[in-house]
Amino acid sequence: MGAEVVVHRSISRTPIPSEAKDLPTVCVLCSHNCGITVDVSDGQITKIQPDKSNPITEGYICNKVMSVDKYARHAQRLEYPMRRRPDGTFEQVSWDTALSEIAQKLSDIRHTHSPEAIGLIGIGGQANHMDGAYGLNFLSALGSKRWFNAFAQEKHQHFLISHWMFDAPPTAFYHPDTANTDYLLVMGTNPKISNRGHNANDTFRDLAKDDSVQIVIVDPRDTETTRLANRHLKAKPGTDAYLLLGIAATLTREGGLIDPDYIEQNTVDYDALCAALADVDLDEMARRCGLTREIIEETARDFARAERAAIMWDLAIEQIPFSTLVSYFLHMIPAITGNVGKEGGMHFMGTATPPEWNSKRFDEPVRAHVSGIRAISALGGFAMFSPTLVPEEILSDRDDRLRAVIVEGSNPYLSYSDTSRWREARKKLDLMVVIEPAMTETAWDADYVLPVPTGYEKWEQAGFPKGFPGIYMQLRPPVLAAEGDVLPEPEIYIQLAEKMSLVPSVPAKLHELAKGARTAKGAAAFLMEAQQSAPNAAAMIAWTYRTVGEYLPSPALAAIWLQAFGNALVRPDAIKRVFGKRMDTDDPFEIGHQLFEEILAHPEGLEIARLNPETNLQDHTGWEDKKIRLLPQELTTEIARCKSTPPETDDNFPFVLAAGLRTSWTANTIQRDPSWRKGRGPHCTLHLSPEDAQSLSIETGDPIRVSTRRGQVELPAEVDKRCQRGHVWIPNGFGMITPNSDPKRPVLDGVNTNELTDVADRDPISGCPHHKYTLCQLERVA
């Protein structure tokens with residue numbers, strides 16, 4: 001251990017070593033969050049290794065892990081708060097100046113127009129979720145429910161379907177039990193590259209070796225994962241809804257595939273479901289998805305007859321037409337075949353966030369002003385909107401239209417649909433604040449840019465589920481000292497709330513009680529007094545931050561401290577399954593106190609609770625009769641629309657573009673230094689089939705123009721024999737403006753696929769964009 005660096009008290013109350021070895025942390029470049037250890041020297045990460053002591057990933061990593069040092073230190077890191085001048089350039093300002101001015105501008109908009117005129121865009125990077133409780137409570141204290149999150153352009157529809165069918169809590173993740181299944185239907189994912197699921201390469205290697213397991217993969221391309229399949233259904237891109245509709249219709253029509261006793265005892269509305277599917281034309285569904293009727297029927301039969309069957313999926317069926325209906329089929333097909341809440345089937349995973357059923361969950365949902373699309377509670381109780389809705393919510397003529405946005409932990413100009421529409425909407429905003437570690441494309445257009453530490457320079461945690469039946473958590477101390485005048489997100493939100501007088505001053509008694517809050521008895525006294533005095537959740541977390549936070553390694557850990565007691569109150573039995581006699585007490589304050597101290601003591605991660613696999617379905621079904629609702633009323637029109645609507649085509653745009661596929665050399669937009677990529681380049685190319693290349697007189701390396709209704713880009717072509725004719729794709733994570741040796745001449749790293757996408761091309765229920773079904777035209781560039 002070498003010298004230590006003292007950082008701002010809001011980041012860490014103890015110095016951070018500048019020289020150290022084997023510090024436990026995680027890779028932040030995707031949601032898998034592989035456990036790693038790092039060596040640091042002179043404020044730099046110098047060595048990265050898999051952490052075999054991590055109970056979640058157990059030493060598993062992919063190639064991207066070795067580049068996290070490039071994320072932590074690069075030329076676009078922000079070092080101080082900045083304010084835009086009238087001429088468009090930026091000037092350095094103090095934190096007090098920036099936050100005071102932002103607070104005043106937000107207050108003016110809130111009082112002149114509406115709290116709903118203020119929105120929050122982002123929250124929660126890939127493994128940096130400590131900001132969530134603070135940002136959302138700030139938004140709630142404002143009186144706004146306008147939260148737009150990247151999760152809602154991918155996966156929040158699954159939580160809506162879980163709510164409609166099971167009345168499951170919004171913290172529950174519906175997920176396949178891949179390790180124990182006999183039949184795995186894989187759709188919309190290439191896990192050996194994307195790392196979907198638990199330690200994906202290891203999992204699929206083991207599945208492929210097991211002759212008793214049948215792997216069926218639906219993918220328009222030949223991929224690294226399809227090579228392991230027993231059967232590869234090479235459906236046309238974006239037609240998964242028709243395939244699933246055909247499977248569902250087969251299951252409900254053919255005798256002997258569905259157990260009537262199971263249906264009677266565990267479900268509601270099966271007859272109505274059969275009626276809704278009775279007129280499905282299987283031959284037409286087969287034609288639409290480019291398969292045969294026999295293949296659809298055989299897939300349905302094999303799934304139903306398997307002892308244990310599950311469906312695994314990811315982004316490529318979440319960003320296509322009918323994506324909410326697709327999610328419904330992913331729930332309904334296992335439900336009618338008896339594969340939910342069953343080993344080797346589908347189950348509900350948990351996270352460190354305590355499960356809750358909101359008493360108002362059946363009330364009319366919050367809706368977007370322009371489209372009427374609903375916000376959906378996912379990951380927790382605060383409902384989120386799809387970010388595709390933001391531009392129109394700004395461009396509306398309503399008085400309560402979005403007039404100010406805080407963009408935190410996201411880069412809308414690159415990450416969300418229709419970049420040109422975002423630029424147009426930006427001109428109508430009264431205020432845009434960007435909170436980021438780096439100077440992003442969106443930050444360049446902000447009024448204020450507030451710098452924060454990266455996920456290696458502050459206390460952090462990842463809220464994604466990490467296993468079953470265990471619930472795991474890894475609270476990570478900083479391994480690097482933050483450079484420059486930066487503040488963590490919790491401190492920013494707390495200061496804004498205080499400057500706007502959104503929370504009352506901390507009662508003096510709480511300061512006194514906080515001194516003993518690191519004991520069970522002291523915590524009980526503090527929490528009972530705070531709950532009696534706090535007018536709302538925002539005050540509760542702000543007061544805890546300012547009081548108990550003084551006695552924690554970082555005040556940001558106040559949210560984790562509160563969460564530990566929430567878990568103790570809501571699921572003490574699940575905690576006791578892990579800790580046994582060490583927590584053999586019925587006192588929730590003793591359990592919560594011990595749980596928090598265990599979390600602090602294990603920076604490599606630990607299991608904090610364990611669900612009961614035997615009662616998984618019952619435990620996550622909120623209906624009083626515990627029966628699954630097989631046909632939510634809201635989906636009957638979607639089923640009818642799917643039956644009557646063939647895939648969209650346009651002679652002017654005859655190709656289907658999958659905009660933004662994952663590769664081994666992409667990491668969304670979090671990794672800004674292009675030098676992390678190795679191997680042969682270029683890495684950002686337009687992949688097309690040999691047949692299409694021949695018809696366009698294109699060879700690998702030739703420049704090609706891709707055009708859609710919204711824009712065009714030019715990039716090198718890559719002839720890819722794994723592609724179907726008419727199907728093309730571009731990887732994600734490109735289009736960033738990066739520094740050059742000449743700072744006045746930055747370079748563009750690849751192309752931004754959202755120059756091609758359209759905010760109007762989205763699911764009518766969830767607002768999820770159709771990025772994986774974008775119609776386009778190709779043209780060879782002379």
# chains A, B, ... in the order shown; residues from 1 in each chain; ligands from 1

call {"tool": "residues_around", "arguments": {"residues": "stretch 443-445 of chain A", "least_positions_apart": "4", "cutoff": "10 Å", "atoms": "only C-alpha atoms", "output": "JSON, numbers by chain"}}
result
{"A": [84, 88, 89, 90, 407, 410, 411, 412, 413, 423, 426, 427, 432, 433, 434, 435, 436, 438, 439, 449, 450]}

call {"tool": "closest_atom_pairs", "arguments": {"of": "stretch 592-663 of chain A", "to": "stretch 215-232 of chain A", "cutoff": "12 Å", "atoms": "only C-alpha atoms", "output": "JSON lines"}}
result
{"residue": "A:Val656", "atom": "CA", "partner": "A:Pro220", "partner_atom": "CA", "distance": 11.2}
{"residue": "A:Leu657", "atom": "CA", "partner": "A:Pro220", "partner_atom": "CA", "distance": 11.9}
{"residue": "A:Ala658", "atom": "CA", "partner": "A:Pro220", "partner_atom": "CA", "distance": 10.7}
{"residue": "A:Leu661", "atom": "CA", "partner": "A:Arg221", "partner_atom": "CA", "distance": 11.8}
{"residue": "A:Arg662", "atom": "CA", "partner": "A:Thr223", "partner_atom": "CA", "distance": 11.9}
{"residue": "A:Thr663", "atom": "CA", "partner": "A:Glu224", "partner_atom": "CA", "distance": 11.0}

call {"tool": "select_by_dssp", "arguments": {"residues": "stretch 617-760 of chain A", "states": "alpha helix (DSSP H)", "output": "MDAnalysis selection string"}}
result
chainID A and resid 617:619 636:644 690:695

call {"tool": "residues_around", "arguments": {"residues": "stretch 557-563 of chain A", "least_positions_apart": "2", "cutoff": "9 Å", "atoms": "only C-alpha atoms", "output": "ChimeraX atom specification"}}
result
/A:130,133-134,352-354,459-460,475,527,541-542,544-549,552-555,565-568,592-593,596

call {"tool": "select_by_dssp", "arguments": {"residues": "stretch 305-352 of chain A", "states": "strand (DSSP E)", "output": "MDAnalysis selection string"}}
result
chainID A and resid 309:313 346:349

call {"tool": "write_last_selection", "arguments": {"atoms": "all heavy atoms", "output": "PDB file, in the first residue's frame"}}
result
ATOM      1  N   ALA A 309     -39.193 -26.697 -19.881  1.00  0.00           N
ATOM      2  CA  ALA A 309     -38.918 -25.864 -21.056  1.00  0.00           C
ATOM      3  C   ALA A 309     -38.850 -24.392 -20.654  1.00  0.00           C
ATOM      4  O   ALA A 309     -39.575 -23.943 -19.753  1.00  0.00           O
ATOM      5  CB  ALA A 309     -39.992 -26.072 -22.124  1.00  0.00           C
ATOM      6  N   ALA A 310     -37.977 -23.661 -21.333  1.00  0.00           N
ATOM      7  CA  ALA A 310     -37.779 -22.241 -21.021  1.00  0.00           C
ATOM      8  C   ALA A 310     -37.508 -21.469 -22.303  1.00  0.00           C
ATOM      9  O   ALA A 310     -37.123 -22.042 -23.333  1.00  0.00           O
ATOM     10  CB  ALA A 310     -36.618 -22.072 -20.044  1.00  0.00           C
ATOM     11  N   ILE A 311     -37.711 -20.152 -22.231  1.00  0.00           N
ATOM     12  CA  ILE A 311     -37.431 -19.260 -23.363  1.00  0.00           C
ATOM     13  C   ILE A 311     -36.433 -18.208 -22.900  1.00  0.00           C
ATOM     14  O   ILE A 311     -36.616 -17.556 -21.877  1.00  0.00           O
ATOM     15  CB  ILE A 311     -38.701 -18.562 -23.886  1.00  0.00           C
ATOM     16  CG1 ILE A 311     -39.809 -19.568 -24.181  1.00  0.00           C
ATOM     17  CG2 ILE A 311     -38.369 -17.752 -25.138  1.00  0.00           C
ATOM     18  CD1 ILE A 311     -41.119 -18.926 -24.624  1.00  0.00           C
ATOM     19  N   MET A 312     -35.378 -18.041 -23.674  1.00  0.00           N
ATOM     20  CA  MET A 312     -34.364 -17.018 -23.406  1.00  0.00           C
ATOM     21  C   MET A 312     -34.413 -15.993 -24.531  1.00  0.00           C
ATOM     22  O   MET A 312     -34.540 -16.359 -25.704  1.00  0.00           O
ATOM     23  CB  MET A 312     -32.976 -17.669 -23.349  1.00  0.00           C
ATOM     24  CG  MET A 312     -31.856 -16.726 -23.013  1.00  0.00           C
ATOM     25  SD  MET A 312     -30.282 -17.616 -23.073  1.00  0.00           S
ATOM     26  CE  MET A 312     -29.235 -16.486 -22.169  1.00  0.00           C
ATOM     27  N   TRP A 313     -34.307 -14.727 -24.194  1.00  0.00           N
ATOM     28  CA  TRP A 313     -34.434 -13.696 -25.226  1.00  0.00           C
ATOM     29  C   TRP A 313     -33.598 -12.486 -24.850  1.00  0.00           C
ATOM     30  O   TRP A 313     -33.117 -12.348 -23.733  1.00  0.00           O
ATOM     31  CB  TRP A 313     -35.894 -13.276 -25.388  1.00  0.00           C
ATOM     32  CG  TRP A 313     -36.406 -12.499 -24.202  1.00  0.00           C
ATOM     33  CD1 TRP A 313     -36.330 -11.156 -24.004  1.00  0.00           C
ATOM     34  CD2 TRP A 313     -37.009 -13.036 -23.028  1.00  0.00           C
ATOM     35  NE1 TRP A 313     -36.862 -10.820 -22.782  1.00  0.00           N
ATOM     36  CE2 TRP A 313     -37.287 -11.952 -22.166  1.00  0.00           C
ATOM     37  CE3 TRP A 313     -37.358 -14.333 -22.624  1.00  0.00           C
ATOM     38  CZ2 TRP A 313     -37.890 -12.135 -20.917  1.00  0.00           C
ATOM     39  CZ3 TRP A 313     -37.958 -14.503 -21.383  1.00  0.00           C
ATOM     40  CH2 TRP A 313     -38.219 -13.416 -20.549  1.00  0.00           C
ATOM     41  N   MET A 346     -39.435 -21.124 -16.294  1.00  0.00           N
ATOM     42  CA  MET A 346     -39.293 -19.692 -16.068  1.00  0.00           C
ATOM     43  C   MET A 346     -39.514 -19.402 -14.586  1.00  0.00           C
ATOM     44  O   MET A 346     -40.351 -20.049 -13.940  1.00  0.00           O
ATOM     45  CB  MET A 346     -40.309 -18.906 -16.907  1.00  0.00           C
ATOM     46  CG  MET A 346     -40.361 -19.293 -18.373  1.00  0.00           C
ATOM     47  SD  MET A 346     -38.801 -19.000 -19.269  1.00  0.00           S
ATOM     48  CE  MET A 346     -38.687 -17.204 -19.189  1.00  0.00           C
ATOM     49  N   HIS A 347     -38.781 -18.432 -14.069  1.00  0.00           N
ATOM     50  CA  HIS A 347     -38.995 -18.052 -12.684  1.00  0.00           C
ATOM     51  C   HIS A 347     -38.832 -16.549 -12.541  1.00  0.00           C
ATOM     52  O   HIS A 347     -38.417 -15.846 -13.465  1.00  0.00           O
ATOM     53  CB  HIS A 347     -38.042 -18.789 -11.749  1.00  0.00           C
ATOM     54  CG  HIS A 347     -36.604 -18.744 -12.160  1.00  0.00           C
ATOM     55  ND1 HIS A 347     -35.777 -19.837 -12.127  1.00  0.00           N
ATOM     56  CD2 HIS A 347     -35.831 -17.728 -12.626  1.00  0.00           C
ATOM     57  CE1 HIS A 347     -34.570 -19.507 -12.540  1.00  0.00           C
ATOM     58  NE2 HIS A 347     -34.575 -18.241 -12.843  1.00  0.00           N
ATOM     59  N   PHE A 348     -39.188 -16.052 -11.376  1.00  0.00           N
ATOM     60  CA  PHE A 348     -39.022 -14.635 -11.071  1.00  0.00           C
ATOM     61  C   PHE A 348     -37.781 -14.464 -10.198  1.00  0.00           C
ATOM     62  O   PHE A 348     -37.689 -15.031  -9.114  1.00  0.00           O
ATOM     63  CB  PHE A 348     -40.261 -14.087 -10.352  1.00  0.00           C
ATOM     64  CG  PHE A 348     -41.464 -13.954 -11.246  1.00  0.00           C
ATOM     65  CD1 PHE A 348     -42.460 -14.922 -11.226  1.00  0.00           C
ATOM     66  CD2 PHE A 348     -41.588 -12.879 -12.104  1.00  0.00           C
ATOM     67  CE1 PHE A 348     -43.563 -14.814 -12.053  1.00  0.00           C
ATOM     68  CE2 PHE A 348     -42.698 -12.763 -12.940  1.00  0.00           C
ATOM     69  CZ  PHE A 348     -43.697 -13.732 -12.913  1.00  0.00           C
ATOM     70  N   MET A 349     -36.820 -13.699 -10.711  1.00  0.00           N
ATOM     71  CA  MET A 349     -35.606 -13.396  -9.971  1.00  0.00           C
ATOM     72  C   MET A 349     -35.821 -12.132  -9.138  1.00  0.00           C
ATOM     73  O   MET A 349     -36.677 -11.306  -9.447  1.00  0.00           O
ATOM     74  CB  MET A 349     -34.434 -13.176 -10.936  1.00  0.00           C
ATOM     75  CG  MET A 349     -34.123 -14.370 -11.816  1.00  0.00           C
ATOM     76  SD  MET A 349     -32.942 -13.966 -13.131  1.00  0.00           S
ATOM     77  CE  MET A 349     -31.453 -13.675 -12.185  1.00  0.00           C
TER      78      MET A 349
END

call {"tool": "closest_atom_pairs", "arguments": {"of": "stretch 104-172 of chain A", "to": "stretch 761-776 of chain A", "cutoff": "9 Å", "atoms": "only C-alpha atoms", "output": "JSON lines"}}
result
{"residue": "A:Ala152", "atom": "CA", "partner": "A:Cys768", "partner_atom": "CA", "distance": 6.6}
{"residue": "A:Gln153", "atom": "CA", "partner": "A:Cys768", "partner_atom": "CA", "distance": 4.5}
{"residue": "A:Glu154", "atom": "CA", "partner": "A:Cys768", "partner_atom": "CA", "distance": 6.2}
{"residue": "A:Lys155", "atom": "CA", "partner": "A:Cys768", "partner_atom": "CA", "distance": 8.2}
{"residue": "A:His156", "atom": "CA", "partner": "A:Ser766", "partner_atom": "CA", "distance": 7.7}
{"residue": "A:Gln157", "atom": "CA", "partner": "A:Ser766", "partner_atom": "CA", "distance": 6.0}
{"residue": "A:Leu160", "atom": "CA", "partner": "A:Ser766", "partner_atom": "CA", "distance": 8.7}

call {"tool": "residues_around", "arguments": {"residues": "stretch 703-719 of chain A", "least_positions_apart": "2", "cutoff": "7 Å", "atoms": "only C-alpha atoms", "output": "list in words"}}
result
Phe653, Thr685, Leu686, His687, Leu688, Ser689, Pro690, Ala693, Glu699, Thr700, Gly701, Lys721, Val751, Glu755, Leu756, Thr757, Asp758, Leu775, Cys776, Gln777, Leu778, Glu779, Arg780 and Val781 of chain A

call {"tool": "atom_distance", "arguments": {"atom1": "atom CA of A:Ser415", "atom2": "atom CA of A:Asn732"}}
result
8.9 Å

call {"tool": "residues_around", "arguments": {"residues": "stretch 613-626 of chain A", "least_positions_apart": "5", "cutoff": "7 Å", "atoms": "only C-alpha atoms", "output": "PDB file with N, CA and C atoms, in the first residue's frame"}}
result
ATOM      1  N   PHE A 166     -49.622 -11.721 -13.776  1.00  0.00           N
ATOM      2  CA  PHE A 166     -49.344 -12.328 -12.471  1.00  0.00           C
ATOM      3  C   PHE A 166     -49.584 -11.372 -11.306  1.00  0.00           C
ATOM      4  N   ASP A 167     -49.732 -10.082 -11.617  1.00  0.00           N
ATOM      5  CA  ASP A 167     -49.685  -9.062 -10.564  1.00  0.00           C
ATOM      6  C   ASP A 167     -48.388  -9.215  -9.783  1.00  0.00           C
ATOM      7  N   ALA A 168     -47.296  -9.377 -10.524  1.00  0.00           N
ATOM      8  CA  ALA A 168     -45.978  -9.506  -9.909  1.00  0.00           C
ATOM      9  C   ALA A 168     -45.476  -8.133  -9.478  1.00  0.00           C
ATOM     10  N   PRO A 169     -44.641  -8.060  -8.449  1.00  0.00           N
ATOM     11  CA  PRO A 169     -44.092  -6.764  -8.035  1.00  0.00           C
ATOM     12  C   PRO A 169     -43.140  -6.232  -9.099  1.00  0.00           C
ATOM     13  N   VAL A 340     -43.903 -22.106 -15.571  1.00  0.00           N
ATOM     14  CA  VAL A 340     -43.576 -20.918 -14.781  1.00  0.00           C
ATOM     15  C   VAL A 340     -43.488 -21.312 -13.310  1.00  0.00           C
ATOM     16  N   GLY A 341     -42.452 -20.826 -12.639  1.00  0.00           N
ATOM     17  CA  GLY A 341     -42.258 -21.184 -11.240  1.00  0.00           C
ATOM     18  C   GLY A 341     -41.820 -22.617 -11.056  1.00  0.00           C
ATOM     19  N   HIS A 347     -38.781 -18.432 -14.069  1.00  0.00           N
ATOM     20  CA  HIS A 347     -38.995 -18.052 -12.684  1.00  0.00           C
ATOM     21  C   HIS A 347     -38.832 -16.549 -12.541  1.00  0.00           C
ATOM     22  N   PHE A 348     -39.188 -16.052 -11.376  1.00  0.00           N
ATOM     23  CA  PHE A 348     -39.022 -14.635 -11.071  1.00  0.00           C
ATOM     24  C   PHE A 348     -37.781 -14.464 -10.198  1.00  0.00           C
ATOM     25  N   PRO A 469     -31.631 -19.219  -6.931  1.00  0.00           N
ATOM     26  CA  PRO A 469     -32.587 -18.423  -6.156  1.00  0.00           C
ATOM     27  C   PRO A 469     -31.937 -17.334  -5.317  1.00  0.00           C
TER      28      PRO A 469
END

call {"tool": "closest_residue", "arguments": {"among": "A:Lys21, A:Arg205, A:Lys466, A:Arg308", "to": "A:Pro55", "atoms": "only C-alpha atoms"}}
result
A:Lys466

call {"tool": "closest_residue", "arguments": {"among": "A:Asn149, A:Thr239, A:Gln474, A:Thr189", "to": "A:Cys27", "atoms": "only C-alpha atoms"}}
result
A:Gln474

call {"tool": "closest_residue", "arguments": {"among": "A:Gly735, A:Pro365, A:Gly484, A:Pro478", "to": "A:Pro603", "atoms": "only C-alpha atoms"}}
result
A:Pro478

call {"tool": "residues_around", "arguments": {"residues": "A:Tyr262", "least_positions_apart": "2", "cutoff": "10 Å", "atoms": "only C-alpha atoms", "output": "list of chain:residue names"}}
result
A:Ile258, A:Asp259, A:Pro260, A:Glu264, A:Gln265, A:Asn266, A:Thr267, A:Ala335, A:Ile336, A:Thr337, A:Gly338

call {"tool": "residues_around", "arguments": {"residues": "A:Pro646", "least_positions_apart": "3", "cutoff": "9 Å", "atoms": "only C-alpha atoms", "output": "short mmCIF file (atom, residue, chain, number, x, y, z; two decimals) with N, CA and C atoms, in the first residue's frame"}}
result
data_model
loop_
_atom_site.label_atom_id
_atom_site.label_comp_id
_atom_site.auth_asym_id
_atom_site.auth_seq_id
_atom_site.Cartn_x
_atom_site.Cartn_y
_atom_site.Cartn_z
N TYR A 242 -44.97 -13.20 -35.22
CA TYR A 242 -45.77 -14.13 -36.02
C TYR A 242 -45.42 -15.59 -35.68
N GLU A 284 -50.12 -18.54 -43.10
CA GLU A 284 -49.76 -17.14 -43.29
C GLU A 284 -48.67 -16.73 -42.32
N MET A 285 -48.77 -17.18 -41.08
CA MET A 285 -47.72 -16.85 -40.11
C MET A 285 -46.38 -17.43 -40.57
N ARG A 288 -44.97 -15.31 -43.36
CA ARG A 288 -44.45 -14.03 -42.89
C ARG A 288 -43.06 -14.16 -42.27
N CYS A 642 -51.91 -8.17 -34.87
CA CYS A 642 -50.83 -9.03 -35.34
C CYS A 642 -51.34 -10.01 -36.40
N LYS A 643 -52.52 -10.57 -36.19
CA LYS A 643 -53.09 -11.50 -37.16
C LYS A 643 -53.33 -10.83 -38.50
N THR A 649 -43.25 -3.25 -45.40
CA THR A 649 -42.26 -3.19 -46.46
C THR A 649 -42.40 -1.86 -47.19
#

call {"tool": "closest_residue", "arguments": {"among": "A:Leu245, A:Ile123, A:Leu23, A:Val93", "to": "A:Ala640", "atoms": "only C-alpha atoms"}}
result
A:Leu245
